[in-house]
>>> print(open('my_file-v8.txt').read())   # compact mmCIF, C-alpha atoms and all ligand atoms
# COMPACT_ATOMS: atom_id res chain seq x y z
CA MET A 1 -11.27 67.66 16.30
CA SER A 2 -11.38 68.93 19.88
CA THR A 3 -12.00 72.43 21.20
CA SER A 4 -9.89 73.90 24.01
CA SER A 5 -11.19 76.17 26.81
CA GLN A 6 -10.04 79.19 24.73
CA GLY A 7 -12.28 77.99 21.93
CA ILE A 8 -9.35 76.98 19.68
CA THR A 9 -10.07 73.92 17.58
CA THR A 10 -7.17 71.49 17.19
CA ILE A 11 -6.88 68.51 14.91
CA THR A 12 -6.66 65.32 16.96
CA PRO A 13 -4.11 62.85 15.63
CA ALA A 14 -4.94 59.14 15.41
CA ARG A 15 -4.57 57.19 18.65
CA ARG A 16 -2.07 54.88 16.93
CA THR A 17 0.49 57.69 16.96
CA GLU A 18 0.45 58.01 20.74
CA TYR A 19 3.31 55.66 21.57
CA VAL A 20 5.38 55.99 18.41
CA ALA A 21 8.93 57.06 19.22
CA TYR A 22 12.23 56.80 17.39
CA ALA A 23 14.83 57.44 20.06
CA ILE A 24 17.74 57.85 17.64
CA ARG A 25 16.29 60.92 15.95
CA ASP A 26 14.36 62.17 19.01
CA ILE A 27 17.56 62.64 21.00
CA ALA A 28 19.25 64.35 18.04
CA VAL A 29 16.75 67.22 18.45
CA GLU A 30 18.38 68.02 21.84
CA ALA A 31 21.83 68.04 20.23
CA GLU A 32 20.63 70.39 17.51
CA LYS A 33 19.78 72.99 20.14
CA LEU A 34 23.39 72.90 21.42
CA ARG A 35 24.77 73.06 17.89
CA LYS A 36 22.72 76.20 17.26
CA GLU A 37 24.43 77.73 20.33
CA GLY A 38 27.77 77.05 18.60
CA ILE A 39 28.72 74.07 20.80
CA ARG A 40 30.58 71.20 19.13
CA VAL A 41 28.83 67.95 19.91
CA LEU A 42 30.68 64.63 19.54
CA PRO A 43 28.18 62.44 17.70
CA LEU A 44 28.17 58.78 18.74
CA ASN A 45 24.51 58.45 17.96
CA ILE A 46 23.69 57.86 14.33
CA GLY A 47 24.23 54.76 12.19
CA ASP A 48 25.19 56.69 9.07
CA PRO A 49 28.79 56.05 7.94
CA LEU A 50 28.66 59.13 5.68
CA LYS A 51 28.34 61.35 8.74
CA TYR A 52 31.86 60.18 9.64
CA ASP A 53 34.93 59.49 7.48
CA PHE A 54 33.46 56.84 5.16
CA LYS A 55 32.88 57.54 1.46
CA THR A 56 30.55 55.99 -1.10
CA PRO A 57 32.47 53.88 -3.68
CA ARG A 58 32.96 56.05 -6.74
CA HIS A 59 31.87 53.46 -9.30
CA MET A 60 28.42 53.37 -7.69
CA ILE A 61 28.04 57.14 -7.94
CA GLU A 62 29.08 57.01 -11.60
CA ALA A 63 26.56 54.24 -12.34
CA VAL A 64 23.69 56.26 -10.86
CA TYR A 65 24.82 59.41 -12.66
CA ARG A 66 24.96 57.53 -15.97
CA SER A 67 21.52 56.10 -15.34
CA MET A 68 20.06 59.56 -14.75
CA MET A 69 21.79 60.96 -17.83
CA GLU A 70 20.32 58.09 -19.84
CA GLN A 71 16.92 59.39 -18.70
CA ASN A 72 16.07 56.46 -16.44
CA ASN A 73 14.06 58.94 -14.49
CA GLY A 74 10.58 57.56 -15.03
CA TYR A 75 8.72 55.09 -12.87
CA ALA A 76 10.38 51.70 -12.56
CA PRO A 77 8.60 48.32 -12.51
CA SER A 78 7.13 47.70 -9.06
CA ILE A 79 9.38 44.74 -8.35
CA ALA A 80 12.64 46.18 -9.73
CA MET A 81 14.39 47.28 -12.93
CA ASP A 82 15.46 44.20 -14.94
CA ASP A 83 19.22 44.43 -14.18
CA ALA A 84 18.67 44.97 -10.49
CA GLU A 85 16.16 42.13 -10.31
CA ALA A 86 18.57 39.71 -12.01
CA ALA A 87 21.42 40.79 -9.70
CA LEU A 88 19.21 40.25 -6.65
CA HIS A 89 18.31 36.74 -7.82
CA ARG A 90 22.05 36.06 -7.91
CA GLU A 91 22.44 37.68 -4.47
CA ALA A 92 19.81 35.32 -3.03
CA LYS A 93 21.81 32.42 -4.53
CA ARG A 94 25.03 33.76 -2.96
CA LYS A 95 23.19 33.86 0.35
CA ARG A 96 22.16 30.22 -0.34
CA ILE A 97 18.47 30.96 0.07
CA PRO A 98 16.45 28.00 -1.24
CA ASN A 99 12.85 28.25 -2.49
CA LEU A 100 13.02 31.93 -3.40
CA ARG A 101 9.41 32.85 -4.20
CA SER A 102 9.81 36.53 -4.97
CA LEU A 103 11.83 39.64 -4.35
CA PHE A 104 11.36 43.39 -4.66
CA VAL A 105 13.37 46.56 -4.16
CA SER A 106 12.11 49.24 -1.83
CA ILE A 107 12.79 52.66 -0.39
CA GLY A 108 15.42 51.33 1.98
CA ALA A 109 14.93 48.02 3.75
CA SER A 110 12.61 50.15 5.92
CA GLU A 111 9.86 50.15 3.32
CA GLY A 112 10.20 46.40 2.74
CA ILE A 113 9.85 45.80 6.49
CA GLU A 114 6.74 47.95 6.63
CA LEU A 115 5.11 46.37 3.55
CA CYS A 116 5.70 42.81 4.76
CA LEU A 117 4.47 43.40 8.30
CA THR A 118 1.44 45.21 6.88
CA ALA A 119 0.65 42.26 4.60
CA LEU A 120 0.91 39.77 7.47
CA VAL A 121 -0.36 41.15 10.75
CA ASN A 122 -3.93 42.05 11.75
CA PRO A 123 -4.76 44.46 14.58
CA GLY A 124 -4.54 42.56 17.86
CA GLU A 125 -2.13 39.92 16.52
CA ASN A 126 1.45 39.91 17.71
CA VAL A 127 4.99 39.51 16.43
CA LEU A 128 8.04 38.55 18.48
CA MET A 129 10.58 41.34 18.32
CA PRO A 130 14.02 41.55 19.86
CA TYR A 131 14.69 43.69 22.92
CA PRO A 132 16.98 45.42 22.39
CA GLY A 133 16.18 45.93 18.72
CA TYR A 134 15.84 48.48 15.97
CA PRO A 135 12.91 50.81 16.78
CA LEU A 136 11.44 50.95 13.26
CA TYR A 137 9.84 47.55 13.89
CA THR A 138 7.96 48.72 16.95
CA ALA A 139 6.86 51.92 15.17
CA VAL A 140 5.39 49.90 12.29
CA MET A 141 3.61 47.56 14.70
CA GLN A 142 2.04 50.54 16.40
CA LYS A 143 0.85 51.83 13.06
CA LEU A 144 -0.78 48.46 12.44
CA GLU A 145 -2.39 48.44 15.90
CA ALA A 146 -0.69 45.12 16.42
CA GLU A 147 1.06 43.93 19.55
CA ILE A 148 4.82 43.90 20.00
CA ARG A 149 5.88 40.80 21.91
CA PRO A 150 9.40 41.50 23.09
CA TYR A 151 11.80 38.60 23.50
CA TYR A 152 15.06 39.29 25.23
CA LEU A 153 18.54 39.02 23.83
CA ASP A 154 20.83 37.47 26.41
CA GLU A 155 23.60 39.85 27.44
CA GLU A 156 25.30 37.09 29.46
CA ASN A 157 25.49 35.02 26.28
CA GLY A 158 26.97 37.61 23.90
CA TRP A 159 23.50 39.07 23.20
CA GLN A 160 22.32 35.91 21.40
CA PRO A 161 18.52 35.50 21.30
CA ASP A 162 17.14 33.69 24.32
CA VAL A 163 15.17 31.00 22.47
CA ALA A 164 13.45 29.67 25.61
CA ASP A 165 12.23 33.19 26.38
CA MET A 166 11.06 33.47 22.77
CA GLU A 167 9.02 30.27 22.95
CA ALA A 168 7.40 31.26 26.24
CA ARG A 169 5.97 34.37 24.53
CA ILE A 170 4.30 32.63 21.59
CA ASP A 171 0.51 32.30 21.71
CA ALA A 172 -2.36 31.68 19.30
CA HIS A 173 -2.14 35.28 18.00
CA THR A 174 1.58 35.21 17.18
CA ARG A 175 2.33 35.51 13.46
CA ALA A 176 6.06 35.99 13.13
CA ILE A 177 9.46 36.23 14.76
CA CYS A 178 11.88 39.02 13.83
CA LEU A 179 15.63 38.58 13.94
CA ILE A 180 18.16 41.34 13.35
CA ASN A 181 21.51 39.78 12.51
CA PRO A 182 24.05 41.35 12.88
CA ASN A 183 22.08 43.21 15.47
CA ASN A 184 21.41 46.89 15.93
CA PRO A 185 22.07 48.01 18.73
CA THR A 186 24.22 45.22 20.22
CA GLY A 187 26.44 44.34 17.24
CA ALA A 188 25.92 40.63 17.99
CA LEU A 189 26.33 38.09 15.21
CA TYR A 190 24.07 35.09 15.70
CA ARG A 191 25.43 31.57 15.95
CA LYS A 192 24.17 28.98 13.48
CA GLU A 193 22.93 26.74 16.33
CA VAL A 194 20.82 29.59 17.71
CA LEU A 195 19.37 30.27 14.27
CA LEU A 196 18.50 26.59 13.90
CA ASP A 197 16.70 26.69 17.27
CA VAL A 198 14.72 29.75 16.18
CA ILE A 199 13.84 28.06 12.88
CA ALA A 200 12.61 25.00 14.81
CA LEU A 201 10.30 27.32 16.79
CA ALA A 202 8.95 28.92 13.61
CA ARG A 203 8.38 25.46 12.14
CA ARG A 204 6.59 24.15 15.25
CA HIS A 205 4.33 27.19 15.60
CA ARG A 206 3.90 27.91 11.87
CA LEU A 207 5.33 31.41 12.12
CA VAL A 208 6.99 33.55 9.47
CA LEU A 209 10.65 34.28 10.19
CA PHE A 210 11.75 37.83 9.37
CA SER A 211 15.53 38.14 9.15
CA ASP A 212 16.99 41.62 8.84
CA GLU A 213 20.45 41.16 7.36
CA ILE A 214 21.21 44.74 6.37
CA TYR A 215 24.69 44.53 8.02
CA ASP A 216 25.61 41.12 6.60
CA ARG A 217 28.92 42.24 5.01
CA LEU A 218 30.07 44.09 8.13
CA VAL A 219 31.33 41.18 10.20
CA PHE A 220 34.61 41.07 12.15
CA ASP A 221 37.26 38.67 13.42
CA GLY A 222 37.04 36.40 10.36
CA LEU A 223 33.54 35.28 11.37
CA GLU A 224 30.97 34.44 8.73
CA HIS A 225 27.43 35.66 8.47
CA VAL A 226 24.87 32.90 7.98
CA SER A 227 21.61 33.89 6.32
CA THR A 228 18.71 32.48 8.38
CA ALA A 229 16.76 31.45 5.28
CA SER A 230 19.69 29.37 4.04
CA LEU A 231 19.23 26.93 6.92
CA ALA A 232 15.84 25.41 6.05
CA ASP A 233 13.57 24.91 3.06
CA ASP A 234 10.32 24.15 4.87
CA VAL A 235 9.69 27.45 6.72
CA ALA A 236 8.47 30.86 5.46
CA PHE A 237 11.27 33.45 5.49
CA VAL A 238 11.40 37.14 4.73
CA THR A 239 14.98 38.39 4.40
CA PHE A 240 15.83 42.09 4.29
CA GLY A 241 18.97 43.63 2.80
CA GLY A 242 20.07 46.85 1.22
CA LEU A 243 22.80 49.19 0.07
CA SER A 244 22.60 51.64 3.00
CA LYS A 245 25.17 50.13 5.32
CA ASN A 246 27.34 47.61 3.42
CA TYR A 247 27.68 49.95 0.44
CA LEU A 248 27.75 53.27 2.28
CA VAL A 249 24.70 54.96 0.73
CA PRO A 250 22.01 55.27 3.41
CA GLY A 251 20.72 58.44 1.76
CA TRP A 252 19.98 56.63 -1.49
CA ARG A 253 17.22 54.64 0.25
CA MET A 254 17.79 51.41 -1.65
CA GLY A 255 16.80 48.15 0.00
CA TRP A 256 15.29 44.79 -0.93
CA THR A 257 13.27 41.87 0.36
CA PHE A 258 13.49 38.16 -0.40
CA ILE A 259 10.43 36.01 0.30
CA SER A 260 11.23 32.31 0.45
CA GLY A 261 9.72 29.02 1.57
CA PRO A 262 7.53 26.23 0.25
CA ALA A 263 5.04 27.49 -2.36
CA GLU A 264 1.95 26.13 -0.61
CA LEU A 265 3.00 27.82 2.63
CA VAL A 266 3.90 31.29 1.38
CA ALA A 267 1.91 31.84 -1.85
CA ASP A 268 -0.99 33.82 -0.33
CA PHE A 269 1.22 35.94 1.89
CA ASP A 270 3.60 36.56 -1.03
CA GLU A 271 0.73 37.76 -3.23
CA ALA A 272 -0.57 39.99 -0.41
CA VAL A 273 2.86 41.63 -0.08
CA HIS A 274 2.94 42.26 -3.82
CA LYS A 275 -0.46 43.99 -3.74
CA PHE A 276 1.20 46.64 -1.56
CA VAL A 277 4.37 46.56 -3.66
CA ARG A 278 2.29 47.46 -6.74
CA ALA A 279 0.12 50.00 -4.91
CA ARG A 280 3.11 52.10 -3.86
CA LEU A 281 4.26 52.17 -7.54
CA CYS A 282 8.03 51.60 -7.26
CA ALA A 283 11.30 52.42 -5.55
CA SER A 284 13.59 55.13 -6.93
CA ALA A 285 14.43 54.21 -10.54
CA PRO A 286 17.90 55.76 -11.02
CA MET A 287 19.17 54.54 -7.65
CA GLN A 288 18.49 50.95 -8.72
CA ALA A 289 21.35 51.36 -11.19
CA ALA A 290 23.67 51.09 -8.17
CA ILE A 291 22.62 47.54 -7.32
CA VAL A 292 24.61 45.70 -10.02
CA PRO A 293 27.86 47.67 -9.50
CA ALA A 294 27.47 47.43 -5.72
CA LEU A 295 26.80 43.70 -5.46
CA GLU A 296 28.89 42.58 -8.42
CA GLY A 297 31.42 45.35 -9.03
CA PRO A 298 34.64 46.01 -7.10
CA GLN A 299 34.27 45.17 -3.41
CA ASP A 300 37.56 46.73 -2.31
CA HIS A 301 35.96 49.25 0.05
CA LEU A 302 34.75 46.37 2.25
CA PRO A 303 38.09 45.12 3.68
CA ASP A 304 38.99 48.73 4.43
CA VAL A 305 35.66 49.47 6.13
CA VAL A 306 35.80 46.24 8.14
CA ALA A 307 39.42 46.96 9.20
CA ARG A 308 38.57 50.48 10.34
CA LEU A 309 35.44 49.32 12.15
CA THR A 310 37.38 46.53 13.85
CA GLN A 311 40.00 48.97 15.15
CA ARG A 312 37.31 51.38 16.35
CA ARG A 313 35.29 48.56 17.91
CA ASP A 314 38.37 47.32 19.79
CA TYR A 315 39.12 50.80 21.10
CA THR A 316 35.48 51.39 22.05
CA ILE A 317 35.30 48.16 24.05
CA GLU A 318 38.62 48.77 25.77
CA ARG A 319 37.63 52.27 26.86
CA LEU A 320 34.08 51.38 27.91
CA ASN A 321 35.17 48.38 29.97
CA ALA A 322 37.82 50.46 31.74
CA ILE A 323 35.25 52.96 33.07
CA PRO A 324 33.84 52.02 36.51
CA GLY A 325 30.07 51.55 36.25
CA LEU A 326 30.13 50.45 32.59
CA SER A 327 30.55 47.07 30.94
CA CYS A 328 30.19 46.13 27.30
CA VAL A 329 29.90 42.90 25.32
CA LYS A 330 32.22 42.86 22.31
CA PRO A 331 30.28 43.35 19.06
CA GLU A 332 31.06 41.00 16.16
CA GLY A 333 29.32 42.91 13.39
CA ALA A 334 27.63 46.17 12.34
CA PHE A 335 28.84 49.43 13.90
CA TYR A 336 27.24 49.65 17.30
CA ALA A 337 27.97 48.75 20.90
CA PHE A 338 25.45 48.62 23.72
CA PRO A 339 27.17 49.11 27.10
CA LYS A 340 25.39 48.36 30.34
CA MET A 341 25.55 51.04 32.99
CA ASP A 342 25.16 51.07 36.71
CA VAL A 343 23.99 54.61 37.49
CA PRO A 344 21.31 55.93 39.85
CA ILE A 345 19.39 57.92 37.19
CA PRO A 346 17.10 56.84 34.31
CA ASP A 347 18.90 56.19 31.03
CA LYS A 348 17.24 59.04 29.17
CA GLU A 349 18.28 61.52 31.85
CA PHE A 350 21.79 60.04 31.67
CA VAL A 351 21.95 60.66 27.94
CA VAL A 352 20.57 64.19 28.12
CA ARG A 353 22.96 65.12 30.94
CA LEU A 354 25.94 63.58 29.14
CA LEU A 355 25.00 65.70 26.15
CA ARG A 356 24.51 68.94 28.11
CA GLU A 357 27.50 68.54 30.44
CA GLN A 358 30.08 66.86 28.17
CA HIS A 359 28.63 67.39 24.68
CA VAL A 360 28.77 63.71 23.82
CA LEU A 361 25.71 62.33 22.06
CA VAL A 362 24.65 58.69 22.55
CA VAL A 363 21.18 57.08 22.50
CA HIS A 364 19.38 55.79 25.61
CA GLY A 365 18.88 52.03 25.84
CA SER A 366 15.16 52.25 26.54
CA GLY A 367 14.76 53.52 22.96
CA PHE A 368 15.70 49.99 21.80
CA GLY A 369 14.10 47.99 24.62
CA GLN A 370 16.00 46.40 27.48
CA LYS A 371 15.40 43.87 30.23
CA PRO A 372 13.62 45.43 33.24
CA GLY A 373 16.16 46.37 35.88
CA THR A 374 18.98 46.95 33.37
CA GLN A 375 20.12 50.20 31.78
CA HIS A 376 22.19 50.74 28.67
CA PHE A 377 23.05 53.25 25.99
CA ARG A 378 24.04 52.79 22.36
CA VAL A 379 27.19 54.15 20.80
CA VAL A 380 28.30 53.90 17.19
CA THR A 381 31.83 52.77 16.40
CA LEU A 382 31.93 54.87 13.21
CA PRO A 383 33.85 57.99 14.39
CA ASP A 384 37.57 58.32 13.72
CA MET A 385 39.96 57.39 16.53
CA ALA A 386 40.57 61.00 17.64
CA THR A 387 36.83 61.63 18.04
CA LEU A 388 36.38 58.34 19.89
CA GLU A 389 39.28 59.18 22.20
CA SER A 390 37.91 62.57 23.03
CA ALA A 391 34.35 61.21 23.51
CA TYR A 392 35.50 58.45 25.88
CA ASP A 393 37.70 60.88 27.85
CA LYS A 394 34.59 63.00 28.39
CA LEU A 395 32.42 59.99 29.23
CA GLU A 396 35.01 58.92 31.80
CA VAL A 397 34.87 62.34 33.46
CA PHE A 398 31.06 62.31 33.38
CA MET A 399 30.89 58.86 35.01
CA ARG A 400 33.04 59.98 37.99
CA GLN A 401 30.08 61.75 39.61
CA PHE A 402 28.30 58.39 40.10
CA ARG A 403 31.15 56.68 41.96
C1 LIG A 501 18.52 46.71 11.66
C2 LIG A 501 18.18 47.76 10.67
N1 LIG A 501 17.27 47.49 9.71
C3 LIG A 501 16.92 48.41 8.79
C4 LIG A 501 17.48 49.66 8.81
C5 LIG A 501 17.03 50.67 7.78
O1 LIG A 501 17.69 50.40 6.59
P1 LIG A 501 17.41 51.23 5.26
O2 LIG A 501 18.34 52.38 5.24
O3 LIG A 501 17.72 50.25 4.17
O4 LIG A 501 15.99 51.63 5.29
C6 LIG A 501 18.42 50.00 9.78
C7 LIG A 501 18.98 51.35 9.85
O5 LIG A 501 19.67 51.74 10.76
C8 LIG A 501 18.77 49.01 10.73
O6 LIG A 501 19.68 49.26 11.69
>>> encode(input="my_file-v8.txt", output="structure tokens", more="lines below")
Ligand SMILES: Cc1ncc(COP(=O)(O)O)c(C=O)c1O
Amino acid sequence: MSTSSQGITTITPARRTEYVAYAIRDIAVEAEKLRKEGIRVLPLNIGDPLKYDFKTPRHMIEAVYRSMMEQNNGYAPSIAMDDAEAALHREAKRKRIPNLRSLFVSIGASEGIELCLTALVNPGENVLMPYPGYPLYTAVMQKLEAEIRPYYLDEENGWQPDVADMEARIDAHTRAICLINPNNPTGALYRKEVLLDVIALARRHRLVLFSDEIYDRLVFDGLEHVSTASLADDVAFVTFGGLSKNYLVPGWRMGWTFISGPAELVADFDEAVHKFVRARLCASAPMQAAIVPALEGPQDHLPDVVARLTQRRDYTIERLNAIPGLSCVKPEGAFYAFPKMDVPIPDKEFVVRLLREQHVLVVHGSGFGQKPGTQHFRVVTLPDMATLESAYDKLEVFMRQFR
């Protein structure tokens, strides 16, 4: 508590909240103000396919509905309902993950990420996290009073992790390396050789490798996603997945975690994770009924989603690279692009002005982390072609003032 000069007592929040920010939703607050004034904002900001013209596969909706009608509305086992658990064991096999020690379902991959970092990292220890990267990781680290050690993704090399930079940042307090593959916000898909180099680092320094593979089915140009944990059997891996993106149900909050590696290496950590898994009771019971039909039912939405995203990615890249002052690496997965910009104002001001002047909503690059001296913003490639065309026309006009 603290008392102001007017004698009003306010409740002081914990210090750990001071630097927590989530740029994607923070900037949406600005857009909401415009919407309330009746202005139509073109949203290129949020990684939710349902906000655009993508629809949840019907058989998944029916499975959840049936499950609710069958009164599966009580608490579920902490790990998972039996069917979902069995399907996830098969999913780990499909991903060729050896030495699977345990798995659990969670409230989105988000909860799995938080539980596993919480079970691993002490205050003052550090974890290597990608810059740019998904801001949930940094928010969780702040909650844990742990240190974020950014390593840079190399824009000149298709946004692949810079493994030399990674190694230079490891010290005696480093506990883990996080990979996001395909990456949010760059859309990069990591090469097998790069993954092997990162695994060698984890092996040498006895670090846990977190691999966030939530976009693993959304890969373009005939490329194949390689699960990090499939490439070694002597390192501790934590692999995250979920229904949100691949199966078009981010609002259902259904994700999972695979913990793998040699028993003697991971047993204590695995048990520590499961203490938290049990303490938070369980993930949503009826939503787990979607896991079997999603992973093992008809997959026909996927070619259609990938085709649409490929077309929209191609258009996005063509338009961005044609605008003086912007350049963008071609994404190979997920539904984001992260153009670099050469403008004389800070990226957040750029984004707010683009919103106010042209009503186009993107997210500033500093919300994801970027190399000092560079500026970016993130767009999503989810909108239909007409929306993209109109947004890039407006962006082009907006950029003219800086030339
Ligand atoms: C890389 C990454 N990991 C995790 C998440 C969160 O996933 P979930 O909806 O399963 O919590 C997101 C959401 O945008 C993401 O981009």
>>> residues_around(input="my_file-v8.txt", residues="A:Lys55", least_positions_apart="5", cutoff="12 Å", atoms="all atoms listed in the file", output="list in words")
Asp48, Pro49, Leu50, Met60, Ile61, Ser244, Lys245, Asn246, Tyr247, Leu248, Val249, Pro250, His301, Leu302, Asp304 and Val305 of chain A
>>> residues_near_ligand(input="my_file-v8.txt", ligand="ligand LIG 501 (chain A)", cutoff="9 Å", atoms="all atoms listed in the file", output="ChimeraX atom specification")
/A:46-48,106-113,133-137,179-185,212-215,240-245,249-256,334
>>> closest_residue(input="my_file-v8.txt", among="A:Lys192, A:His364, A:Arg403, A:His59", to="A:Val292", atoms="all atoms listed in the file")
A:His59
>>> atom_distance(input="my_file-v8.txt", atom1="atom CA of A:Arg400", atom2="atom CA of A:Lys340")
15.9 Å
>>> residues_around(input="my_file-v8.txt", residues="stretch 26-37 of chain A", least_positions_apart="2", cutoff="9 Å", atoms="only C-alpha atoms", output="PyMOL selection string")
chain A and resi 21-24+39-41+43+45-46+348+351-352+355-356+359-364
>>> residues_near_point(input="my_file-v8.txt", point="(26.0, 44.8, 19.0)", cutoff="8 Å", atoms="all atoms listed in the file", output="list in words")
Trp159, Pro182, Asn183, Asn184, Pro185, Thr186, Gly187, Ala188, Leu189, Val329, Lys330, Pro331, Glu332, Gly333, Ala334, Phe335, Tyr336, Ala337 and Phe338 of chain A
>>> write_last_selection(input="my_file-v8.txt", atoms="C-alpha atoms", output="PDB file, in the coordinates of the input")
ATOM      1  CA  TRP A 159      23.500  39.070  23.200  1.00  0.00           C
ATOM      2  CA  PRO A 182      24.050  41.350  12.880  1.00  0.00           C
ATOM      3  CA  ASN A 183      22.080  43.210  15.470  1.00  0.00           C
ATOM      4  CA  ASN A 184      21.410  46.890  15.930  1.00  0.00           C
ATOM      5  CA  PRO A 185      22.070  48.010  18.730  1.00  0.00           C
ATOM      6  CA  THR A 186      24.220  45.220  20.220  1.00  0.00           C
ATOM      7  CA  GLY A 187      26.440  44.340  17.240  1.00  0.00           C
ATOM      8  CA  ALA A 188      25.920  40.630  17.990  1.00  0.00           C
ATOM      9  CA  LEU A 189      26.330  38.090  15.210  1.00  0.00           C
ATOM     10  CA  VAL A 329      29.900  42.900  25.320  1.00  0.00           C
ATOM     11  CA  LYS A 330      32.220  42.860  22.310  1.00  0.00           C
ATOM     12  CA  PRO A 331      30.280  43.350  19.060  1.00  0.00           C
ATOM     13  CA  GLU A 332      31.060  41.000  16.160  1.00  0.00           C
ATOM     14  CA  GLY A 333      29.320  42.910  13.390  1.00  0.00           C
ATOM     15  CA  ALA A 334      27.630  46.170  12.340  1.00  0.00           C
ATOM     16  CA  PHE A 335      28.840  49.430  13.900  1.00  0.00           C
ATOM     17  CA  TYR A 336      27.240  49.650  17.300  1.00  0.00           C
ATOM     18  CA  ALA A 337      27.970  48.750  20.900  1.00  0.00           C
ATOM     19  CA  PHE A 338      25.450  48.620  23.720  1.00  0.00           C
TER      20      PHE A 338
END
>>> residues_around(input="my_file-v8.txt", residues="A:Ala290", least_positions_apart="2", cutoff="6 Å", atoms="all atoms listed in the file", output="ChimeraX atom specification")
/A:60,63-64,287-288,292-294
>>> atom_distance(input="my_file-v8.txt", atom1="atom CA of A:Val127", atom2="atom CA of A:Ala146")
8.0 Å
>>> residues_around(input="my_file-v8.txt", residues="stretch 393-398 of chain A", least_positions_apart="3", cutoff="9 Å", atoms="only C-alpha atoms", output="PyMOL selection string")
chain A and resi 319-320+322-324+353-354+357-360+388-390+401-402
>>> closest_residue(input="my_file-v8.txt", among="A:Lys93, A:Arg66, A:Arg217, A:Arg25", to="A:Pro303", atoms="all atoms listed in the file")
A:Arg217
>>> atom_distance(input="my_file-v8.txt", atom1="atom CA of A:Lys143", atom2="atom CA of A:Arg175")
16.4 Å
>>> closest_residue(input="my_file-v8.txt", among="A:Val105, A:Ile177, A:Val266, A:Val208", to="A:Ala86", atoms="all atoms listed in the file")
A:Val105
>>> closest_residue(input="my_file-v8.txt", among="A:Ala283, A:Val277, A:Ala289, A:Ile148", to="A:Glu125", atoms="only C-alpha atoms")
A:Ile148
>>> closest_residue(input="my_file-v8.txt", among="A:Ile79, A:Leu326, A:Met129, A:Leu144", to="A:Leu117", atoms="all atoms listed in the file")
A:Leu144
>>> residues_around(input="my_file-v8.txt", residues="A:Ala386", least_positions_apart="2", cutoff="12 Å", atoms="only C-alpha atoms", output="JSON, numbers by chain")
{"A": [42, 52, 53, 312, 315, 316, 382, 383, 384, 388, 389, 390, 391, 392, 393]}
>>> residues_near_point(input="my_file-v8.txt", point="(11.3, 39.4, -8.8)", cutoff="12 Å", atoms="all atoms listed in the file", output="compact mmCIF listing (two decimals) with C-alpha atoms, keeping the file's coordinate frame")
# COMPACT_ATOMS: atom_id res chain seq x y z
CA PRO A 77 8.60 48.32 -12.51
CA SER A 78 7.13 47.70 -9.06
CA ILE A 79 9.38 44.74 -8.35
CA ALA A 80 12.64 46.18 -9.73
CA MET A 81 14.39 47.28 -12.93
CA ASP A 82 15.46 44.20 -14.94
CA ASP A 83 19.22 44.43 -14.18
CA ALA A 84 18.67 44.97 -10.49
CA GLU A 85 16.16 42.13 -10.31
CA ALA A 86 18.57 39.71 -12.01
CA ALA A 87 21.42 40.79 -9.70
CA LEU A 88 19.21 40.25 -6.65
CA HIS A 89 18.31 36.74 -7.82
CA ARG A 90 22.05 36.06 -7.91
CA ALA A 92 19.81 35.32 -3.03
CA LEU A 100 13.02 31.93 -3.40
CA ARG A 101 9.41 32.85 -4.20
CA SER A 102 9.81 36.53 -4.97
CA LEU A 103 11.83 39.64 -4.35
CA PHE A 104 11.36 43.39 -4.66
CA VAL A 105 13.37 46.56 -4.16
CA TRP A 256 15.29 44.79 -0.93
CA THR A 257 13.27 41.87 0.36
CA PHE A 258 13.49 38.16 -0.40
CA ILE A 259 10.43 36.01 0.30
CA SER A 260 11.23 32.31 0.45
CA ASP A 270 3.60 36.56 -1.03
CA HIS A 274 2.94 42.26 -3.82
CA VAL A 277 4.37 46.56 -3.66
>>> closest_residue(input="my_file-v8.txt", among="A:Asn99, A:Thr381, A:Thr310, A:Thr239", to="A:Glu264", atoms="all atoms listed in the file")
A:Asn99
>>> axis_aligned_box(input="my_file-v8.txt", around="stretch 193-202 of chain A", padding_each_side="4 Å", output="AutoDock Vina command-line options")
--center_x 15.9 --center_y 27.6 --center_z 15.3 --size_x 22.0 --size_y 13.3 --size_z 12.8
>>> build_atoms(input="my_file-v8.txt", residues="stretch 223-228 of chain A", atoms="N, CA and C atoms", output="PDB file, in the coordinates of the input")
ATOM      1  N   LEU A 223      34.780  36.052  11.206  1.00  0.00           N
ATOM      2  CA  LEU A 223      33.540  35.280  11.370  1.00  0.00           C
ATOM      3  C   LEU A 223      32.714  35.374  10.080  1.00  0.00           C
ATOM      4  N   GLU A 224      31.784  34.448   9.943  1.00  0.00           N
ATOM      5  CA  GLU A 224      30.970  34.440   8.730  1.00  0.00           C
ATOM      6  C   GLU A 224      29.513  34.667   9.069  1.00  0.00           C
ATOM      7  N   HIS A 225      28.863  35.466   8.270  1.00  0.00           N
ATOM      8  CA  HIS A 225      27.430  35.660   8.470  1.00  0.00           C
ATOM      9  C   HIS A 225      26.672  34.515   7.813  1.00  0.00           C
ATOM     10  N   VAL A 226      25.706  33.956   8.541  1.00  0.00           N
ATOM     11  CA  VAL A 226      24.870  32.900   7.980  1.00  0.00           C
ATOM     12  C   VAL A 226      23.466  33.473   7.791  1.00  0.00           C
ATOM     13  N   SER A 227      22.958  33.400   6.564  1.00  0.00           N
ATOM     14  CA  SER A 227      21.610  33.890   6.320  1.00  0.00           C
ATOM     15  C   SER A 227      20.596  32.890   6.900  1.00  0.00           C
ATOM     16  N   THR A 228      19.667  33.383   7.707  1.00  0.00           N
ATOM     17  CA  THR A 228      18.710  32.480   8.380  1.00  0.00           C
ATOM     18  C   THR A 228      18.007  31.584   7.359  1.00  0.00           C
TER      19      THR A 228
END
